[in-house]
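In what follows, a single structure is set out as structure tokens and then discussed.
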Amino acid sequence: MFPIDLLDSAPEGANSGAHPASHSPLLTGLNDEQLAAVTLPAGHALILAGAGSGKTRVLTTRIAWLLQTGQATPGSIMAVTFTNKAAKEMLARLSAMLPYNVRGMWIGTFHGLCNRMLRAHYQVAKLPQAFQILDTQDQLSAIKRLCKQFNVDDERFPPKQLMYFIAGCKEEGMRPGDVVATDPDTRKKVEIYQLYEEQCQREGVVDFGELMLRSFELLRDDVHLRQHYQRRFQHILVDEFQDTNKLQYQWLKQLAGEADGSRFVSQSSVIAVGDDDQSIYAFRGARVGNMADFIREFEVKNQIKLEQNYRSYSNILDCANALISHNSNRLGKNLRTTQGPGEPVRIYEAPSDLAEASWMVDEIKQLVKNDGFTRQEIAVLYRSNAQSRVIESALFNSGIPYRVYGGLRFFERAEIKHALAYLRLLENPHDDTSFMRVVNFPARGIGARTIEQLQDAARSSGCSLSDAVTAVGGAAGTKLQGFVAQIDVLREQTQGKTLREIIETVEEQSGLIEHYRNEKEGADRIENLQELVTAAESFVTQEGFGKDAVALPLDAQEILPATNLTQSPVSQGLDPEAPLLDQPLQAPAGTLASMVNADTGETMSPLAAFLSHASLEAGDNQAQAGQDAVQLMTVHASKGLEFDAVFIGGVEEGLFPHENAMMDRGGLEEERRLAYVAITRARKRLYLSHSQTRMLHGQTRYNVKSRFFDELPEEALKWITPRQSGFGSFAPNSGAGGAYGSRGSGQFGSNSGWSNKTEVFASPVVPRQKAEPSHGIKAGITVFHNKFGEGKVLAVEGQGDDARAQVSFGRHGTKWLALAIAKLTVVE
DNA sequence: CGGGATGGTATTTTT
DNA sequence: TACCATCCCG
């Protein structure tokens, strides 16, 4: 578990000022900014929370303060986050702070809360009660299936692209009818989007985007429901607001108030907490602009900046501040600390990616052996996953334990998905995605031919695959009916059983266990299947279903029939203002039996709840915690974490900033924010490194150091002398190094960096260019190439026919070109 | 139905 | 280079 911030270890004197309100133990230790944020008066507010400024503490303390001072009841509070991790964190802190149960409050992820709402009002939302949630994998296979069905040319319309299109539309709040399609390609995509929607509706499944959009529409279109929730949630707190997309913002607006002409009128208090400088998810629909829109549309009076940083020494913060100041259109913020300057930020230039990795390993050894750092507190960050390979192997070879973030998560593993598919079919036999996944797994002699027949039958009668099995004749049909019968038997068998028993029965009876038992590499998979039982068990008992977004018995207020909502909830004998103080701290085990939906009187089965949980929380993304291991992850994955020592590798043009990011508008600025996030992860020591050469896609690339180096304050940096051990083809000549010391980055801009490097790396491969060559091509000038267009010359080497130049062509990348062959014309 | 060959493709990612 | 998805064949 990684600490989210350092506030708990912040110096006691951080807030010595006497505040009248600080009599409450809740408020002690808060600095002025934090105190102001926590005790904000009713009304909308924006809290601009810098990295390491104690954002989570402010959020949770705010909620606790509202409750403690009687300004709010648990039922009137909603707190939204993006990740389950953040939601859990908030819940954990709150239950530690509050003397009573946090249950009554709506705390969760956007999707989790939407799910909760849709479960409660599934009829109004026109969903089956047992609707299943598709994750990205499921969504893609659903689209592939649809495309095959309708003979969509998957060359012209790759399923992946269609998925992005559909998800993108939903993020913007657009149904097929809302998309403005001017070209035939888009029209076709919209058509497929429409078909996809019909398919999902028929099968009773919703994807992540649909969860959000359907919930939004529910609020938008049902005035009683909307008013009910608006009245209920007097305090809405949004975490990581800079990451919200258009639809999420609209959803919040529905909850918060009504449009009145051109004005937006709201009775509740929306507190948006975020940091525009840490907005790094534009590529998946996040809209930083929501912050400005929020200020304008909600007529935000109170804006508070949390700029006091409790994490890093000032050299690190100076780097972060200086770097980010190169972005325009910021809301503006400067991190400060009372800690001293600390050590300088170290910058290392490696001759190759191998050498870079090997240097990191040496440095890590030093940190652990001499400087008292623990491996767990050391992180290696990189821009793209491909970079991890060399670092991993270097660490592996020197026997340093490490842990890589990312990769498949628990609920995404194939064997788990298979088991879940069976379970889903018990709940909802019309879930064709699940049907397809397991109809022939383990193998039952049901081949592609048979499936095609079945799909044809299902399509012509407009029913689900499960319902169509009787339409297929012959031996194939018998096999299909056998499968459906098997599912039916399972459903019968598991009736009234506990969740544990259900899963065990399904894993055994489906033949999954047997299948993996016969497989060479099956042992791990069987272990995972057993782990699934354990996960379900702990879901039922420990979590008590309160954690995640399932309809809770205590939420009976929400589960009112829509028709009754014309009356006040109070008239139903459900007082939304009733305090929940007298409720038990922990929900008793097996509370699910009491999960009655007041709407229909139906009970939400533990299985249904668990399936929602499995879709909404894919499980830990981090490998086996526990041992003291160095942490490897992308910069994106590092957001929200912090470490004593941080290495950022591959800080090179083309990689960081990434060349692909440069193509879209604002791409460079997002890359810079990404670098800002990376830098602010470090507490005590920070290393930035770049390499002259790098193996990428099986080709050696020659990269120039990142422009970001030029944006860092020289006083805070220390340029490390490369070691003299030889690595790769660009090993420095022995004795030629040692000239690095502390040097101004200003004297070599990104274009001239190379020639300076050659001073140190006086290798025969990259000789320093002294005399002006006759071809007139030299570093720094712009040239034109027939195929690649205009490019900047980074370096020139060799003479006569051997002469070659390294040219950076922007979107075409950086290339070495033989001047005798490539036709380069000098531009101007 | 499964295995091997082949070819296309390689930021970032949560729900 | 390395992974993957798809295809074709036994």
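To be explicit about the labels: the chains of the structure tokens are called A, B, and onward in the order shown, and within each one the residues are counted from 1, while ligands get numbers from 1 in the order they are shown.
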Residues of chain B within 12 Å of chain A, counting only C-alpha atoms (C1' of nucleotides), as a list in words: DC1, DG2, DT9, DA10, DT11, DT12, DT13, DT14 and DT15 of chain B
Give me, as a PDB file with N, CA and C atoms (P, O5', C5', C4', C3', O3' and C1' of nucleotides), in the first residue's frame, all polymer residues having an atom no more than 10 Å from range 6-10 of chain C, counting only C-alpha atoms (C1' of nucleotides) and skipping those fewer than 5 positions away in the same chain.
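What ended up in result_25.pdb:
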```pdb
ATOM      1  P    DG B   2      -9.318 -27.180 -29.174  1.00  0.00           P
ATOM      2  O5'  DG B   2      -7.737 -27.366 -29.250  1.00  0.00           O
ATOM      3  C5'  DG B   2      -7.184 -28.641 -29.584  1.00  0.00           C
ATOM      4  C4'  DG B   2      -6.006 -28.458 -30.504  1.00  0.00           C
ATOM      5  C3'  DG B   2      -5.046 -27.334 -30.101  1.00  0.00           C
ATOM      6  O3'  DG B   2      -3.732 -27.841 -30.130  1.00  0.00           O
ATOM      7  C1'  DG B   2      -5.633 -27.118 -32.371  1.00  0.00           C
ATOM      8  P    DG B   3      -2.611 -27.093 -29.308  1.00  0.00           P
ATOM      9  O5'  DG B   3      -1.466 -26.965 -30.398  1.00  0.00           O
ATOM     10  C5'  DG B   3      -1.090 -28.123 -31.170  1.00  0.00           C
ATOM     11  C4'  DG B   3      -0.411 -27.665 -32.442  1.00  0.00           C
ATOM     12  C3'  DG B   3       0.638 -26.574 -32.232  1.00  0.00           C
ATOM     13  O3'  DG B   3       1.811 -26.892 -32.968  1.00  0.00           O
ATOM     14  C1'  DG B   3      -0.962 -25.851 -33.831  1.00  0.00           C
ATOM     15  P    DG B   4       3.153 -26.243 -32.507  1.00  0.00           P
ATOM     16  O5'  DG B   4       3.620 -25.530 -33.843  1.00  0.00           O
ATOM     17  C5'  DG B   4       3.758 -26.302 -35.043  1.00  0.00           C
ATOM     18  C4'  DG B   4       3.548 -25.402 -36.236  1.00  0.00           C
ATOM     19  C3'  DG B   4       4.529 -24.213 -36.299  1.00  0.00           C
ATOM     20  O3'  DG B   4       5.051 -24.107 -37.608  1.00  0.00           O
ATOM     21  C1'  DG B   4       2.312 -23.442 -36.483  1.00  0.00           C
ATOM     22  P    DA B   5       6.340 -23.248 -37.828  1.00  0.00           P
ATOM     23  O5'  DA B   5       5.826 -22.224 -38.927  1.00  0.00           O
ATOM     24  C5'  DA B   5       5.277 -22.719 -40.162  1.00  0.00           C
ATOM     25  C4'  DA B   5       4.507 -21.607 -40.834  1.00  0.00           C
ATOM     26  C3'  DA B   5       5.304 -20.310 -41.003  1.00  0.00           C
ATOM     27  O3'  DA B   5       5.166 -19.829 -42.330  1.00  0.00           O
ATOM     28  C1'  DA B   5       3.263 -19.874 -39.882  1.00  0.00           C
ATOM     29  P    DT B   6       6.082 -18.637 -42.821  1.00  0.00           P
ATOM     30  O5'  DT B   6       5.028 -17.559 -43.332  1.00  0.00           O
ATOM     31  C5'  DT B   6       3.629 -17.868 -43.370  1.00  0.00           C
ATOM     32  C4'  DT B   6       2.852 -16.620 -43.013  1.00  0.00           C
ATOM     33  C3'  DT B   6       3.630 -15.316 -43.171  1.00  0.00           C
ATOM     34  O3'  DT B   6       2.982 -14.493 -44.120  1.00  0.00           O
ATOM     35  C1'  DT B   6       2.467 -15.378 -41.091  1.00  0.00           C
ATOM     36  P    DG B   7       3.764 -13.287 -44.759  1.00  0.00           P
ATOM     37  O5'  DG B   7       2.988 -12.042 -44.126  1.00  0.00           O
ATOM     38  C5'  DG B   7       1.574 -11.985 -44.154  1.00  0.00           C
ATOM     39  C4'  DG B   7       1.086 -10.979 -43.138  1.00  0.00           C
ATOM     40  C3'  DG B   7       1.828  -9.640 -43.185  1.00  0.00           C
ATOM     41  O3'  DG B   7       0.881  -8.606 -42.974  1.00  0.00           O
ATOM     42  C1'  DG B   7       1.936 -10.517 -41.033  1.00  0.00           C
TER      43       DG B   7
END
```
DSSP alpha helix (DSSP H) selection over range 300-437 of chain A, as JSON, numbers by chain: {"A": [314, 315, 316, 317, 318, 319, 320, 321, 322, 323, 324, 353, 354, 355, 356, 357, 358, 359, 360, 361, 362, 363, 364, 365, 366, 367, 368, 369, 388, 389, 390, 391, 392, 393, 394, 395, 396, 397, 414, 415, 416, 417, 418, 419, 420, 421, 422, 423, 424, 425, 426, 427, 432, 433, 434, 435, 436, 437]}
Atomic separation - CA of Ser689 in chain A relative to CA of Glu652 in chain A, Å: 8.4 Å
Interface, chain C side, toward chain A (12 Å; only C-alpha atoms (C1' of nucleotides)) as a list in words: DT1, DA2 and DC3 of chain C
Surrounding residues of Ile133 in chain A excluding itself and chain neighbours under 5 positions, 12 Å, only C-alpha atoms (C1' of nucleotides), as a PyMOL selection string: (chain A and resi 111-112+114-115+118-119+127-128+138-139+200-201+203-212+420-421+424+428+431+433-434+608-618) or (chain B and resi 15)
Atom-to-atom span, CA of Ala87 in chain A and CA of Ile107 in chain A, Å: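 Computed distance, CA of Ala87 in chain A to CA of Ile107 in chain A, equals 6.6 Å.
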